[in-house]
Amino acid sequence: VQLQASGGGLVQAGGSLRLSCVISGSRNSIDNANWYRQAPGKQRELVASLNTIGGTTNYADSVKGRFTISMTDIKNRLYLQMNTLKPEDTAVYFCNAQDHWSKVYWGRGTQVTVSS
């Protein structure tokens, strides 16, 4: 499984961005797909997760009600819609997937910068 995130950029506080992650390879083996972020000097944190079997989603408290994770039916793209962005959302965002055998895959990050 290969992952490649894109869609980051510079946006003013209150604005929106949609991140996209292209998924290739054995994408039908993916059970869970996630978005993480890492701000300068901080640990990488889980932002949003999607279970592809049941369709359930979970979000970090800091983004609930503002971010939405979704995936295409054929599992070739993972999205993160980010609304009402705040300066504290500034980070490098990474897409991540876990397959049937619990192997974890990471994509390259995409920078999101929110100006106040």
# chains A, B, ... in the order shown; residues from 1 in each chain; ligands from 1
>>> select_by_dssp(residues="chain A", states="helix (DSSP H, G or I)", output="PyMOL selection string")
chain A and resi 27-29+87-89
>>> write_last_selection(atoms="N, CA and C atoms", output="JSON list (two decimals), in the first residue's frame")
[["chain", "number", "residue", "atom", "x", "y", "z"],
["A", 27, "ARG", "N", -5.14, -1.77, -1.80],
["A", 27, "ARG", "CA", -6.00, -0.90, -0.98],
["A", 27, "ARG", "C", -7.20, -1.65, -0.40],
["A", 28, "ASN", "N", -7.61, -2.75, -1.03],
["A", 28, "ASN", "CA", -8.74, -3.50, -0.49],
["A", 28, "ASN", "C", -8.40, -4.20, 0.82],
["A", 29, "SER", "N", -7.14, -4.22, 1.16],
["A", 29, "SER", "CA", -6.73, -4.85, 2.42],
["A", 29, "SER", "C", -6.80, -3.88, 3.60],
["A", 87, "PRO", "N", -5.33, 28.80, 14.14],
["A", 87, "PRO", "CA", -3.86, 28.78, 14.09],
["A", 87, "PRO", "C", -3.27, 27.54, 14.73],
["A", 88, "GLU", "N", -3.91, 27.01, 15.74],
["A", 88, "GLU", "CA", -3.39, 25.81, 16.41],
["A", 88, "GLU", "C", -3.55, 24.54, 15.57],
["A", 89, "ASP", "N", -4.21, 24.64, 14.43],
["A", 89, "ASP", "CA", -4.29, 23.51, 13.51],
["A", 89, "ASP", "C", -3.05, 23.44, 12.61]]
>>> residues_around(residues="Met71 of chain A", least_positions_apart="6", cutoff="10 Å", atoms="only C-alpha atoms", output="list in words")
Ser20, Cys21, Ala33, Leu50, Asn51, Thr52, Gly55, Arg77, Leu78, Tyr79 and Leu80 of chain A
>>> write_last_selection(atoms="N, CA and C atoms", output="PDB file, in the first residue's frame")
ATOM      1  N   SER A  20      -6.255  15.526   0.666  1.00  0.00           N
ATOM      2  CA  SER A  20      -6.534  14.311  -0.089  1.00  0.00           C
ATOM      3  C   SER A  20      -5.349  13.373   0.035  1.00  0.00           C
ATOM      4  N   CYS A  21      -5.627  12.105   0.096  1.00  0.00           N
ATOM      5  CA  CYS A  21      -4.562  11.098   0.176  1.00  0.00           C
ATOM      6  C   CYS A  21      -4.856  10.039  -0.884  1.00  0.00           C
ATOM      7  N   ALA A  33      -8.195   3.723   8.216  1.00  0.00           N
ATOM      8  CA  ALA A  33      -7.491   4.823   7.572  1.00  0.00           C
ATOM      9  C   ALA A  33      -7.564   6.031   8.486  1.00  0.00           C
ATOM     10  N   LEU A  50     -10.984   6.343  10.511  1.00  0.00           N
ATOM     11  CA  LEU A  50     -12.125   5.752   9.817  1.00  0.00           C
ATOM     12  C   LEU A  50     -11.929   4.251   9.759  1.00  0.00           C
ATOM     13  N   ASN A  51     -12.923   3.517  10.233  1.00  0.00           N
ATOM     14  CA  ASN A  51     -12.901   2.060  10.105  1.00  0.00           C
ATOM     15  C   ASN A  51     -13.629   1.712   8.821  1.00  0.00           C
ATOM     16  N   THR A  52     -12.936   1.105   7.878  1.00  0.00           N
ATOM     17  CA  THR A  52     -13.523   0.878   6.563  1.00  0.00           C
ATOM     18  C   THR A  52     -14.518  -0.278   6.552  1.00  0.00           C
ATOM     19  N   GLY A  55     -17.480   1.601   8.894  1.00  0.00           N
ATOM     20  CA  GLY A  55     -17.704   2.995   8.525  1.00  0.00           C
ATOM     21  C   GLY A  55     -17.670   3.973   9.681  1.00  0.00           C
ATOM     22  N   ARG A  77      -8.971   6.941  -2.427  1.00  0.00           N
ATOM     23  CA  ARG A  77      -8.705   8.268  -1.886  1.00  0.00           C
ATOM     24  C   ARG A  77      -9.293   8.409  -0.492  1.00  0.00           C
ATOM     25  N   LEU A  78      -8.493   9.026   0.353  1.00  0.00           N
ATOM     26  CA  LEU A  78      -8.921   9.369   1.713  1.00  0.00           C
ATOM     27  C   LEU A  78      -8.915  10.889   1.800  1.00  0.00           C
ATOM     28  N   TYR A  79      -9.941  11.446   2.430  1.00  0.00           N
ATOM     29  CA  TYR A  79     -10.054  12.897   2.518  1.00  0.00           C
ATOM     30  C   TYR A  79     -10.133  13.360   3.972  1.00  0.00           C
ATOM     31  N   LEU A  80      -9.739  14.604   4.163  1.00  0.00           N
ATOM     32  CA  LEU A  80      -9.971  15.271   5.435  1.00  0.00           C
ATOM     33  C   LEU A  80     -10.452  16.678   5.109  1.00  0.00           C
TER      34      LEU A  80
END
>>> atom_distance(atom1="atom CA of Val63 of chain A", atom2="atom CA of Trp101 of chain A")
29.1 Å
>>> atom_distance(atom1="atom CA of Val112 of chain A", atom2="atom CA of Ser24 of chain A")
23.3 Å
>>> residues_around(residues="Arg108 of chain A", least_positions_apart="6", cutoff="8 Å", atoms="only C-alpha atoms", output="PyMOL selection string")
chain A and resi 3-5+94-95
>>> closest_residue(among="A:Ala48, A:Ala39, A:Ala60, A:Ile30", to="Thr110 of chain A", atoms="only C-alpha atoms")
A:Ala39
>>> atom_distance(atom1="atom CA of Gly7 of chain A", atom2="atom CA of Gln98 of chain A")
21.9 Å
